[in-house]
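Enquirer: Dropping in model.cif, with mmCIF, C-alpha atoms.
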```
data_work
#
loop_
_atom_site.label_atom_id
_atom_site.label_comp_id
_atom_site.auth_asym_id
_atom_site.auth_seq_id
_atom_site.Cartn_x
_atom_site.Cartn_y
_atom_site.Cartn_z
CA MET A 25 -11.52 -35.60 -37.20
CA ALA A 26 -13.59 -33.76 -34.58
CA THR A 27 -16.13 -35.88 -32.68
CA ASN A 28 -19.44 -34.39 -31.53
CA ASN A 29 -17.99 -33.83 -28.06
CA SER A 30 -14.83 -32.11 -29.27
CA ALA A 31 -16.83 -30.03 -31.77
CA ALA A 32 -18.83 -28.55 -28.88
CA ILE A 33 -15.63 -27.70 -27.01
CA LEU A 34 -14.12 -26.18 -30.16
CA ASP A 35 -17.24 -24.00 -30.52
CA LEU A 36 -16.89 -22.92 -26.90
CA ILE A 37 -13.21 -22.02 -27.36
CA ARG A 38 -14.03 -20.20 -30.61
CA ALA A 39 -16.77 -18.15 -28.94
CA ASN A 40 -14.48 -17.21 -26.06
CA ALA A 41 -11.55 -16.52 -28.36
CA GLN A 42 -13.67 -13.91 -30.13
CA LYS A 43 -14.49 -12.29 -26.80
CA LEU A 44 -10.85 -12.32 -25.70
CA ARG A 45 -9.72 -10.88 -29.05
CA ALA A 46 -12.36 -8.14 -28.74
CA GLU A 47 -11.02 -7.26 -25.29
CA GLN A 48 -7.49 -7.24 -26.61
CA GLU A 49 -8.52 -5.06 -29.57
CA GLU A 50 -10.23 -2.62 -27.21
CA ALA A 51 -7.09 -2.50 -25.11
CA ASN A 52 -4.94 -2.05 -28.22
CA SER A 53 -7.18 0.73 -29.47
CA VAL A 54 -6.35 2.82 -26.41
CA ASP A 55 -3.54 5.26 -26.99
CA TRP A 56 -1.57 4.43 -23.87
CA SER A 57 1.15 6.93 -24.64
CA ALA A 58 -1.44 9.73 -24.72
CA ARG A 59 -3.03 8.39 -21.53
CA ARG A 60 0.36 8.39 -19.80
CA SER A 61 1.09 11.99 -20.85
CA TRP A 62 -2.38 13.06 -19.80
CA TRP A 63 -1.92 11.40 -16.39
CA GLN A 64 1.51 13.01 -15.85
CA GLN A 65 -0.05 16.33 -16.77
CA GLN A 66 -2.91 15.81 -14.30
CA ILE A 67 -0.41 15.20 -11.51
CA GLN A 68 1.53 18.34 -12.36
CA GLN A 69 -1.63 20.41 -12.66
CA LEU A 70 -2.77 19.19 -9.26
CA TYR A 71 0.60 20.04 -7.72
CA GLU A 72 0.53 23.48 -9.28
CA HIS A 73 -2.97 24.07 -7.96
CA LEU A 74 -2.02 22.89 -4.45
CA ASP A 75 1.03 25.14 -4.65
CA GLU A 76 -1.30 28.08 -5.16
CA VAL A 77 -3.68 27.01 -2.40
CA LEU A 78 -0.82 26.57 0.05
CA ARG A 79 1.17 29.63 -1.03
CA PRO A 80 0.12 31.80 1.93
CA LEU A 81 1.57 29.20 4.28
CA ALA A 82 4.71 28.79 2.18
CA GLU A 83 5.26 32.56 1.93
CA SER A 84 4.97 32.99 5.68
CA GLY A 85 7.56 30.24 6.15
CA ASP A 86 5.13 27.94 7.94
CA LEU A 87 5.13 25.29 5.22
CA GLN A 88 7.85 23.82 2.98
CA ILE A 89 6.84 22.40 -0.38
CA SER A 90 9.16 20.14 -2.33
CA GLN A 91 9.01 17.62 -5.15
CA ARG A 92 11.07 14.48 -5.67
CA PRO A 93 11.35 12.33 -8.78
CA GLN A 94 9.51 9.05 -8.76
CA THR A 95 9.40 6.19 -11.26
CA ILE A 96 6.19 4.23 -11.78
CA HIS A 97 5.68 1.05 -13.74
CA GLU A 98 2.23 0.09 -14.94
CA GLU A 99 1.32 -2.88 -17.12
CA SER A 100 -0.51 -0.75 -19.68
CA LEU A 101 1.41 2.52 -19.43
CA GLY A 102 4.90 1.08 -19.07
CA GLN A 103 7.57 2.87 -17.05
CA TYR A 104 7.33 6.62 -16.63
CA GLU A 105 8.61 9.44 -14.48
CA THR A 106 6.60 11.60 -12.17
CA GLU A 107 7.09 13.39 -8.84
CA THR A 108 6.03 13.00 -5.25
CA LEU A 109 4.99 16.16 -3.43
CA GLU A 110 6.12 16.71 0.13
CA LEU A 111 4.36 19.23 2.37
CA SER A 112 6.28 19.79 5.60
CA ILE A 113 5.67 21.73 8.78
CA GLY A 114 8.64 21.40 11.09
CA ARG A 115 9.54 17.72 11.25
CA ARG A 116 6.12 16.56 10.15
CA SER A 117 5.35 15.87 6.50
CA VAL A 118 2.51 14.77 4.34
CA VAL A 119 3.67 13.08 1.15
CA LEU A 120 1.54 12.82 -1.98
CA LYS A 121 2.67 9.80 -3.95
CA PRO A 122 1.21 9.00 -7.38
CA ILE A 123 0.36 5.28 -7.52
CA ALA A 124 -1.16 4.51 -10.92
CA SER A 125 -3.49 5.70 -13.62
CA VAL A 126 -5.02 2.33 -14.54
CA ILE A 127 -7.07 1.63 -11.45
CA ILE A 128 -10.50 0.33 -10.53
CA GLY A 129 -13.17 3.01 -10.34
CA GLY A 130 -11.09 5.88 -11.66
CA VAL A 131 -8.33 7.05 -13.98
CA GLY A 132 -5.63 7.92 -11.47
CA ARG A 133 -4.68 7.60 -7.83
CA ILE A 134 -2.37 9.53 -5.54
CA ASP A 135 -1.83 8.30 -1.99
CA LEU A 136 -1.31 10.71 0.88
CA GLN A 137 0.72 9.61 3.86
CA GLY A 138 1.16 11.67 6.99
CA PRO A 139 2.09 11.06 10.61
CA GLU A 140 -1.57 10.81 11.56
CA GLY A 141 -2.82 8.54 8.78
CA THR A 142 -3.31 7.91 5.10
CA ALA A 143 -5.81 8.95 2.45
CA ARG A 144 -6.26 8.63 -1.28
CA LEU A 145 -6.97 11.05 -4.05
CA ILE A 146 -8.86 9.36 -6.86
CA LEU A 147 -9.20 11.02 -10.24
CA ALA A 148 -12.59 9.83 -11.45
CA THR A 149 -15.52 10.78 -13.60
CA PRO A 150 -18.69 11.61 -11.65
CA ASP A 151 -21.04 8.70 -10.89
CA GLY A 152 -22.96 7.46 -13.86
CA GLN A 153 -20.68 9.04 -16.45
CA ASP A 154 -18.71 6.89 -18.83
CA ASP A 155 -15.09 6.79 -17.67
CA ARG A 156 -14.02 6.82 -21.33
CA GLU A 157 -14.86 10.53 -21.15
CA TYR A 158 -12.23 11.01 -18.46
CA ARG A 159 -10.28 13.63 -20.41
CA THR A 160 -13.02 16.17 -20.00
CA ASN A 161 -14.95 14.89 -16.99
CA ALA A 162 -12.45 13.51 -14.48
CA LYS A 163 -12.22 15.28 -11.14
CA TRP A 164 -10.20 14.64 -8.01
CA HIS A 165 -11.96 12.90 -5.15
CA VAL A 166 -10.89 12.23 -1.58
CA THR A 167 -11.30 8.86 0.02
CA ALA A 168 -10.00 6.72 2.87
CA PRO A 169 -8.19 3.48 1.93
CA SER A 170 -10.21 1.43 4.43
CA ARG A 171 -13.57 2.85 3.35
CA PRO A 172 -13.31 4.11 -0.23
CA LEU A 173 -17.00 4.79 -0.87
CA PRO A 174 -18.57 7.24 -1.23
CA LEU A 175 -15.98 9.27 -3.10
CA ALA A 176 -16.16 12.91 -2.04
CA GLU A 177 -15.22 15.46 -4.66
CA MET A 178 -12.18 17.40 -3.58
CA ASP A 179 -12.12 21.17 -3.34
CA ASP A 180 -9.57 23.47 -1.70
CA LYS A 181 -11.29 23.33 1.67
CA THR A 182 -11.52 19.52 1.77
CA PHE A 183 -7.86 19.25 0.78
CA LEU A 184 -6.78 21.68 3.51
CA GLU A 185 -8.88 19.80 6.08
CA LEU A 186 -7.37 16.53 4.95
CA PHE A 187 -3.85 17.94 5.11
CA ALA A 188 -4.44 19.31 8.62
CA GLN A 189 -5.83 15.97 9.74
CA LEU A 190 -2.97 13.93 8.29
CA ILE A 191 -0.27 16.17 9.68
CA GLY A 192 -1.93 16.23 13.10
CA ILE A 193 -3.45 19.71 13.40
CA ARG A 194 -6.84 19.74 15.12
CA SER A 195 -9.19 22.65 15.50
CA GLU A 196 -9.12 24.06 19.04
CA MET B 15 -31.87 -29.70 1.10
CA LEU B 16 -28.47 -28.36 2.05
CA PHE B 17 -25.27 -29.12 0.16
CA PHE B 18 -23.34 -30.85 2.96
CA PRO B 19 -24.78 -34.37 3.29
CA ASN B 20 -25.74 -35.56 6.74
CA ARG B 21 -26.37 -39.22 6.00
CA GLN B 22 -24.81 -40.56 9.22
CA GLY B 23 -25.95 -37.70 11.43
CA TYR B 24 -22.77 -35.65 10.97
CA LEU B 25 -21.34 -33.57 8.13
CA GLU B 26 -18.94 -35.29 5.74
CA PRO B 27 -15.48 -33.74 5.40
CA GLU B 28 -15.19 -34.67 1.72
CA ALA B 29 -18.32 -32.70 0.85
CA ILE B 30 -17.12 -29.70 2.83
CA PHE B 31 -13.77 -29.86 1.09
CA GLU B 32 -15.45 -30.07 -2.30
CA TRP B 33 -17.57 -27.02 -1.42
CA TYR B 34 -14.40 -25.19 -0.38
CA GLN B 35 -12.75 -26.01 -3.72
CA MET B 36 -15.75 -24.74 -5.67
CA CYS B 37 -15.87 -21.48 -3.70
CA ALA B 38 -12.10 -21.03 -4.01
CA ALA B 39 -12.36 -21.52 -7.78
CA ALA B 40 -15.11 -18.86 -7.91
CA ILE B 41 -12.91 -16.42 -5.98
CA ASP B 42 -9.97 -17.14 -8.31
CA SER B 43 -12.22 -16.59 -11.29
CA HIS B 44 -13.45 -13.23 -9.95
CA ARG B 45 -9.87 -12.21 -9.19
CA ALA B 46 -8.85 -13.18 -12.74
CA ALA B 47 -11.74 -11.12 -14.14
CA PHE B 48 -10.47 -8.00 -12.34
CA LEU B 49 -6.85 -8.60 -13.33
CA ASN B 50 -7.90 -9.16 -16.91
CA TRP B 51 -10.03 -6.02 -16.89
CA LEU B 52 -7.09 -4.01 -15.51
CA SER B 53 -4.79 -5.53 -18.14
CA ASN B 54 -7.17 -4.24 -20.77
CA GLY B 55 -7.01 -0.72 -19.37
CA ALA B 56 -9.88 -0.79 -16.85
CA THR B 57 -12.24 0.91 -19.29
CA GLY B 58 -15.95 0.21 -19.57
CA VAL B 59 -17.95 -1.80 -17.08
CA PRO B 60 -15.93 -3.50 -14.34
CA PRO B 61 -16.59 -7.10 -13.29
CA SER B 62 -19.54 -7.47 -10.97
CA PRO B 63 -19.85 -7.50 -8.02
CA LEU B 64 -17.32 -4.75 -7.49
CA PRO B 65 -16.11 -4.82 -3.86
CA SER B 66 -16.07 -1.26 -2.50
CA ALA B 67 -12.63 -1.94 -1.01
CA LEU B 68 -11.25 -2.18 -4.55
CA ILE B 69 -12.20 1.36 -5.56
CA GLY B 70 -8.92 3.00 -6.50
CA GLY B 71 -7.25 -0.40 -6.51
CA THR B 72 -4.27 -1.43 -8.62
CA ARG B 73 -3.23 -4.95 -9.69
CA GLU B 74 -1.37 -5.39 -6.40
CA ASP B 75 -4.46 -4.32 -4.44
CA VAL B 76 -6.61 -6.79 -6.37
CA VAL B 77 -4.20 -9.63 -5.63
CA GLU B 78 -4.02 -8.71 -1.94
CA HIS B 79 -7.79 -8.26 -1.66
CA PHE B 80 -8.60 -11.64 -3.15
CA ASP B 81 -5.85 -13.31 -1.07
CA GLN B 82 -7.65 -12.00 2.00
CA VAL B 83 -11.03 -13.12 0.69
CA ALA B 84 -9.60 -16.57 -0.06
CA LYS B 85 -8.14 -16.75 3.44
CA GLU B 86 -11.55 -16.01 4.95
CA LEU B 87 -12.99 -18.83 2.88
CA GLU B 88 -10.22 -21.12 4.15
CA LEU B 89 -11.05 -20.25 7.75
CA SER B 90 -14.79 -20.77 7.21
CA SER B 91 -14.08 -24.13 5.60
CA VAL B 92 -11.80 -25.12 8.47
CA LEU B 93 -14.58 -24.23 10.89
CA TRP B 94 -17.05 -26.49 9.06
CA LEU B 95 -14.50 -29.30 8.89
CA VAL B 96 -13.86 -29.13 12.62
CA THR B 97 -17.56 -28.99 13.42
CA ALA B 98 -17.95 -32.10 11.24
CA CYS B 99 -15.26 -33.76 13.35
CA GLU B 100 -16.97 -32.75 16.57
CA GLY B 101 -20.36 -33.85 15.24
CA ARG B 102 -19.04 -37.29 14.40
CA LEU B 103 -17.41 -37.67 17.82
CA ARG B 104 -20.72 -36.78 19.48
CA VAL B 105 -22.80 -39.08 17.27
CA ASP B 106 -20.32 -41.81 18.15
CA LEU B 107 -20.59 -40.92 21.84
CA ARG B 108 -24.38 -41.22 21.74
CA THR B 109 -24.29 -44.81 20.47
CA ARG B 110 -21.30 -45.85 22.53
CA LEU B 111 -22.75 -44.74 25.89
CA LYS B 112 -25.12 -47.74 25.72
CA ASP B 113 -22.19 -50.19 25.54
CA GLN B 114 -20.39 -51.92 28.38
CA ASP B 115 -16.76 -51.93 27.20
CA PHE B 116 -13.81 -49.96 28.59
CA LEU B 117 -14.23 -47.01 26.21
CA ALA B 118 -17.96 -46.81 26.92
CA THR B 119 -17.24 -46.82 30.65
CA ARG B 120 -14.69 -44.03 30.27
CA LEU B 121 -17.16 -42.02 28.23
CA GLN B 122 -19.82 -42.54 30.88
CA ILE B 123 -17.37 -41.22 33.47
CA ALA B 124 -16.70 -38.22 31.20
CA ARG B 125 -20.44 -37.67 30.97
CA ASN B 126 -20.47 -37.44 34.76
CA GLY B 127 -24.22 -37.38 35.15
CA ARG B 128 -24.81 -34.68 32.57
CA ALA B 129 -28.34 -35.03 31.25
CA GLN B 130 -27.48 -34.08 27.68
CA GLU B 131 -24.74 -35.79 25.71
CA PHE B 132 -23.76 -32.55 23.99
CA LEU B 133 -22.62 -31.20 27.36
CA VAL B 134 -19.88 -33.83 27.61
CA PRO B 135 -16.66 -31.89 27.06
CA LEU B 136 -14.30 -32.74 24.23
CA GLU B 137 -11.23 -31.79 26.23
CA ASP B 138 -10.48 -31.68 29.97
CA GLU B 139 -11.37 -35.25 31.02
CA GLY B 140 -13.78 -35.44 28.11
CA ILE B 141 -14.17 -37.43 24.92
CA PHE B 142 -10.56 -37.07 23.79
CA ASP B 143 -9.16 -38.26 27.09
CA ALA B 144 -11.54 -41.24 27.14
CA TRP B 145 -10.37 -42.29 23.69
CA LYS B 146 -6.75 -41.71 24.66
CA ALA B 147 -7.06 -43.90 27.77
CA PHE B 148 -8.71 -46.60 25.68
CA ILE B 149 -5.98 -46.49 23.03
CA ARG B 150 -3.19 -46.53 25.62
CA GLY B 151 -4.78 -49.44 27.49
CA HIS B 152 -6.20 -51.59 24.71
CA VAL B 153 -4.24 -50.97 21.54
CA THR B 154 -0.61 -51.98 21.08
CA GLY B 155 2.10 -51.56 18.47
CA PRO B 156 2.54 -48.75 15.97
CA LEU B 157 -1.23 -48.22 15.74
CA GLN B 158 -1.25 -46.92 19.31
CA ASP B 159 1.30 -44.19 18.54
CA GLN B 160 -0.31 -43.36 15.20
CA ALA B 161 -3.72 -42.92 16.80
CA VAL B 162 -2.40 -40.82 19.67
CA ASN B 163 -0.45 -38.67 17.22
CA ALA B 164 -3.54 -38.24 15.04
CA MET B 165 -5.42 -37.10 18.12
CA GLY B 166 -2.58 -34.65 18.82
CA SER B 167 -3.11 -33.19 15.33
CA VAL B 168 -6.83 -32.77 15.85
CA LYS B 169 -6.86 -31.25 19.35
CA PRO B 170 -5.40 -27.85 18.27
CA LEU B 171 -8.21 -27.71 15.73
CA ILE B 172 -10.69 -27.58 18.57
CA ASP B 173 -8.94 -24.44 19.84
CA LEU B 174 -9.13 -23.02 16.32
CA ARG B 175 -12.84 -23.91 16.16
CA HIS B 176 -13.47 -22.00 19.42
CA TRP B 177 -11.57 -18.99 18.12
CA LEU B 178 -13.52 -18.96 14.85
CA ALA B 179 -16.92 -19.74 16.35
CA HIS B 180 -16.62 -17.07 19.03
CA GLY B 181 -15.77 -14.19 16.75
CA ARG B 182 -11.94 -14.21 16.88
CA TYR B 183 -11.88 -11.71 19.73
CA TRP B 184 -8.60 -13.04 21.11
CA GLN B 185 -5.25 -13.96 19.54
CA THR B 186 -5.16 -17.64 18.72
CA LYS B 187 -1.96 -19.62 19.21
CA VAL B 188 -2.97 -22.06 16.48
CA SER B 189 -1.38 -21.36 13.11
CA THR B 190 -4.04 -20.30 10.65
CA THR B 191 -1.45 -20.58 7.90
CA ALA B 192 -0.67 -24.24 8.51
CA GLN B 193 -4.27 -25.29 9.09
CA THR B 194 -5.48 -25.15 5.52
CA PRO B 195 -8.72 -26.91 4.56
CA ALA B 196 -6.71 -29.66 2.85
CA ALA B 197 -4.53 -30.17 5.95
CA VAL B 198 -7.57 -30.19 8.26
CA ARG B 199 -9.54 -32.51 5.98
CA ASN B 200 -6.58 -34.92 5.97
CA ALA B 201 -6.08 -34.68 9.73
CA VAL B 202 -9.76 -35.32 10.47
CA THR B 203 -10.06 -38.20 7.98
CA GLN B 204 -6.88 -39.82 9.26
CA PHE B 205 -8.03 -39.37 12.86
CA PHE B 206 -11.29 -41.24 12.33
CA ARG B 207 -9.65 -43.92 10.21
CA LEU B 208 -7.20 -44.65 13.01
CA LEU B 209 -9.88 -44.53 15.73
CA ASP B 210 -11.85 -47.04 13.73
CA GLN B 211 -8.80 -49.30 13.37
CA CYS B 212 -8.27 -49.10 17.12
CA ALA B 213 -11.92 -50.02 17.76
CA THR B 214 -11.70 -52.97 15.38
CA LYS B 215 -8.46 -54.18 16.92
CA ALA B 216 -9.92 -54.04 20.44
CA GLY B 217 -13.12 -55.75 19.32
CA ILE B 218 -15.50 -52.93 20.23
CA ARG B 219 -18.12 -51.09 18.21
CA ALA B 220 -16.84 -49.43 15.04
CA VAL B 221 -16.69 -45.63 15.01
CA ALA B 222 -20.01 -44.13 13.98
#
```
What does the file become when written as C-alpha cells?
Expert:
Amino acid sequence: MATNNSAAILDLIRANAQKLRAEQEEANSVDWSARRSWWQQQIQQLYEHLDEVLRPLAESGDLQISQRPQTIHEESLGQYETETLELSIGRRSVVLKPIASVIIGGVGRIDLQGPEGTARLILATPDGQDDREYRTNAKWHVTAPSRPLPLAEMDDKTFLELFAQLIGIRSE
Amino acid sequence: MLFFPNRQGYLEPEAIFEWYQMCAAAIDSHRAAFLNWLSNGATGVPPSPLPSALIGGTREDVVEHFDQVAKELELSSVLWLVTACEGRLRVDLRTRLKDQDFLATRLQIARNGRAQEFLVPLEDEGIFDAWKAFIRGHVTGPLQDQAVNAMGSVKPLIDLRHWLAHGRYWQTKVSTTAQTPAAVRNAVTQFFRLLDQCATKAGIRAVA
C-alpha cells in the first residue's frame, strides 16, 4: 500500500512519464525514412549546384571534381549511404563530408576540410522560423567550427571565397 | 552569505567538494537534456541555454562539449580546494607564530622579518619546509613517513594552483587528469589529519 511519501513520488514519476511518452510520441511521429531521403537529396542537390558553379574551372582543367561513397549512421535515421565531394587543384584538395542531418540548430551538416582549415555548411531554417518547416525553408549556411554564430547564408560567392581560403588561394 | 563556510577562517574542503558535485550534476543534466532532445529528432525548442559552440553539433559533439565543460569545473574546483589548503596553512601560521616550540621557531625563521604573514612563502624555505623539518625532527615511526608523503602529494597542487590562478599561460607539468576534485579533496584532508596527528604526538598546538 502506498504511503503518503511514496504517493508523492509516484505522482512525480507519473507526471514525468507522461512528458517522456509525449517526447517519444513526437519522435515516433516523425517520418525518419522521408527525412533521410530528403537529406540525401539535399546533399546531391548541393553537389549538383556546386558542380555548375565550379564548371568553368573544371572545363579549363584547373579543378578536378570527384565523389566517393560514404556511409553514415545516425541514431534517428539509421545507416544510409551518401557521398563526399572532393575538389582538387594540383595536390591540394578540399573535401566536403556530410556529417549528419539530426543536429543542433539545423537539419543537416557538411564539414569542409582543406589544407588551410575547416568550415561547416549548416542546412538551417532562417532565424525565428520553425525548423519543422525545414522542407520548404531550409537554406545552406556557412560557419566556422570554433565560432558557429552567426550563421551566414551561403551563396555562390561565399562558397567560392570559402573554397579559395581553405585550399590556400589568397587575393593578390 | 556565500556557500563555502568560513567558520575557522579558511574554506572547508568538504563544502567545496559538495558544491563541485552539485555543479557536475547540473552539467550532466544539461548534457542529458541535449542528448535526449537529439534522440527525439532535435525538433522544436532546444534545451536552454544553448551554447553557441553546439550549433551544428551531433551527439558526439555534445558529449565532447560537456566533457570539456565538466573538466573546466573540475579545474575550478581543484583551484578552490587548493586555496582552502593554503588558507588553512596560513591561518595556522598566524596562531603558531606566537608560540615558542620548534615548529614555531622554524616558521618565524621562514617569516624572516616579513611584516605580513601572507608574504611567508609556502615553498622555498617556507611553511612546507618548516613543517617538514619539524616532522623529521620531532615525529618518529610510520607517522613521520606518512606525513612527509602526504606533504609530497600536496606540494604539486601548489604548482597547479599557480598555473590555474595565473591564467594557464604556460604548460603545467602537473597532471590535470590525475588531480580530480575527489583526489585533491582526499589529499588535502589526509594532509591536515596527519599534520594534526604529528602536532598532537609532539605535544604542540593542534593544527588550526
Enquirer: Between A:Leu78, A:Ala31, A:Leu147, A:Val118, which is the closest to A:Asn161 once you count all atoms listed in the file?
Expert: A:Leu147
Enquirer: Looking at A:Pro80, A:Pro93, A:Pro169, A:Pro150, which one is nearest to chain B, with distances taken over only C-alpha atoms?
Expert: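 Between A:Pro80, A:Pro93, A:Pro169, A:Pro150, the residue approaching chain B most closely is A:Pro169.
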Enquirer: If we count all atoms listed in the file, which residues of chain B reach to within 8 Å of chain A? Please list them as a list in words.
Expert: Leu52, Ser53, Asn54, Gly55, Ala56, Thr57, Gly58, Pro60, Ser66, Ala67, Leu68, Ile69, Gly70, Gly71, Thr72 and Arg73 of chain B
Enquirer: Just the selected residues (C-alpha atoms), exported as a CSV table (one decimal), in the frame of the given file, please.
Expert:
```
chain,number,residue,atom,x,y,z
B,52,LEU,CA,-7.1,-4.0,-15.5
B,53,SER,CA,-4.8,-5.5,-18.1
B,54,ASN,CA,-7.2,-4.2,-20.8
B,55,GLY,CA,-7.0,-0.7,-19.4
B,56,ALA,CA,-9.9,-0.8,-16.8
B,57,THR,CA,-12.2,0.9,-19.3
B,58,GLY,CA,-16.0,0.2,-19.6
B,60,PRO,CA,-15.9,-3.5,-14.3
B,66,SER,CA,-16.1,-1.3,-2.5
B,67,ALA,CA,-12.6,-1.9,-1.0
B,68,LEU,CA,-11.2,-2.2,-4.6
B,69,ILE,CA,-12.2,1.4,-5.6
B,70,GLY,CA,-8.9,3.0,-6.5
B,71,GLY,CA,-7.2,-0.4,-6.5
B,72,THR,CA,-4.3,-1.4,-8.6
B,73,ARG,CA,-3.2,-5.0,-9.7
```
Enquirer: Hey, can you check how far atom CA of B:Arg150 sits from atom CA of B:Val96?
Expert: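 Going from atom CA of B:Arg150 over to atom CA of B:Val96 covers 24.2 Å.
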Enquirer: Produce the centre coordinates and the three edge lengths, each in Å to one decimal, of the box along x, y and z that contains all listed atoms of stretch 199-206 of chain B with 5 Å added on each side, as AutoDock Vina command-line options.
Expert:
```
--center_x -8.7 --center_y -36.9 --center_z 9.4 --size_x 15.2 --size_y 18.7 --size_z 16.9
```
Enquirer: Name the residues in contact with B:Thr203 at a cut-off of 9 Å, using all atoms listed in the file, excluding same-chain residues fewer than 5 positions from it; report them as a list of chain:residue names.
Expert: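 What passes the distance filter is B:Pro27, B:Glu28, B:Cys99, B:Val198, B:Leu208.
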Enquirer: Between atom CA of A:Glu107 and atom CA of A:Gln65, what is the distance, to one decimal in Å?
Expert: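 Atom CA of A:Gln65 lies at a distance of 11.1 Å from atom CA of A:Glu107.
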Enquirer: Rounded to one decimal place, report the atom CA of A:His97-atom CA of A:Pro139 distance in Å.
Expert: 26.6 Å
Enquirer: Using all atoms listed in the file, which residue out of A:Leu87, A:His165, A:Tyr104, A:Asp179 lies closest to A:Ile191?
Expert: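 Smallest distance to A:Ile191 is found for A:Leu87.
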Enquirer: Which polymer residues have any atom within 12 Å of an atom of stretch 212-215 of chain B, counting all atoms listed in the file, with same-chain residues fewer than 3 positions away left out, as JSON, numbers by chain?
Expert: {"B": [106, 110, 115, 116, 117, 118, 145, 146, 147, 148, 149, 150, 151, 152, 153, 154, 155, 156, 157, 158, 159, 160, 161, 162, 205, 206, 207, 208, 209, 218, 219, 220, 221, 222]}
Enquirer: So that I can see what lies close to B:Trp33, please list as a list in words the residues with an atom at most 12 Å from it, counting all atoms listed in the file and leaving out residues fewer than 2 positions away in the same chain.
Expert: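 Residues near the query, excluding close chain neighbours: Leu16, Phe17, Phe18, Pro19, Glu26, Pro27, Glu28, Ala29, Ile30, Phe31, Gln35, Met36, Cys37, Ala38, Ala39, Ala40, Leu87, Glu88, Ser90, Ser91, Val92, Trp94, Leu95, Pro195 and Ala196 of chain B.
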Enquirer: Run the PyMOL selection byres ((chain B and resi 181-190) around 12) against the file shown and list the residues it catches, as a compact mmCIF listing (two decimals) with C-alpha atoms, in the frame of the given file.
Expert:
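See out.txt below for the written result:
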```txt
# COMPACT_ATOMS: atom_id res chain seq x y z
CA LYS B 85 -8.14 -16.75 3.44
CA GLU B 86 -11.55 -16.01 4.95
CA LEU B 87 -12.99 -18.83 2.88
CA GLU B 88 -10.22 -21.12 4.15
CA LEU B 89 -11.05 -20.25 7.75
CA SER B 90 -14.79 -20.77 7.21
CA SER B 91 -14.08 -24.13 5.60
CA VAL B 92 -11.80 -25.12 8.47
CA LEU B 93 -14.58 -24.23 10.89
CA SER B 167 -3.11 -33.19 15.33
CA VAL B 168 -6.83 -32.77 15.85
CA LYS B 169 -6.86 -31.25 19.35
CA PRO B 170 -5.40 -27.85 18.27
CA LEU B 171 -8.21 -27.71 15.73
CA ILE B 172 -10.69 -27.58 18.57
CA ASP B 173 -8.94 -24.44 19.84
CA LEU B 174 -9.13 -23.02 16.32
CA ARG B 175 -12.84 -23.91 16.16
CA HIS B 176 -13.47 -22.00 19.42
CA TRP B 177 -11.57 -18.99 18.12
CA LEU B 178 -13.52 -18.96 14.85
CA ALA B 179 -16.92 -19.74 16.35
CA HIS B 180 -16.62 -17.07 19.03
CA THR B 191 -1.45 -20.58 7.90
CA ALA B 192 -0.67 -24.24 8.51
CA GLN B 193 -4.27 -25.29 9.09
CA THR B 194 -5.48 -25.15 5.52
CA PRO B 195 -8.72 -26.91 4.56
CA ALA B 197 -4.53 -30.17 5.95
CA VAL B 198 -7.57 -30.19 8.26
```
Enquirer: Would you mind listing what lies within 9 Å of A:Val119 as number ranges by chain, with all atoms listed in the file counted and same-chain residues fewer than 6 positions away left out?
Expert: A: 108-112, 135-138
Enquirer: Just to be explicit: take each residue in the selection above, keep C-alpha atoms, and write the result as a PDB file, keeping the file's coordinate frame.
Expert:
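Okay, out_27.pdb is ready:
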```
ATOM      1  CA  THR A 108       6.030  13.000  -5.250  1.00  0.00           C
ATOM      2  CA  LEU A 109       4.990  16.160  -3.430  1.00  0.00           C
ATOM      3  CA  GLU A 110       6.120  16.710   0.130  1.00  0.00           C
ATOM      4  CA  LEU A 111       4.360  19.230   2.370  1.00  0.00           C
ATOM      5  CA  SER A 112       6.280  19.790   5.600  1.00  0.00           C
ATOM      6  CA  ASP A 135      -1.830   8.300  -1.990  1.00  0.00           C
ATOM      7  CA  LEU A 136      -1.310  10.710   0.880  1.00  0.00           C
ATOM      8  CA  GLN A 137       0.720   9.610   3.860  1.00  0.00           C
ATOM      9  CA  GLY A 138       1.160  11.670   6.990  1.00  0.00           C
TER      10      GLY A 138
END
```
Enquirer: Could you state which residues are captured by the PyMOL selection byres ((chain A and resi 182) around 12) in this file, as a list in words?
Expert: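 This file gives the following for the PyMOL selection byres ((chain A and resi 182) around 12): Leu74, Val77, Leu145, Trp164, His165, Val166, Thr167, Ala176, Glu177, Met178, Asp179, Asp180, Lys181, Phe183, Leu184, Glu185, Leu186, Phe187, Ala188 and Gln189 of chain A.
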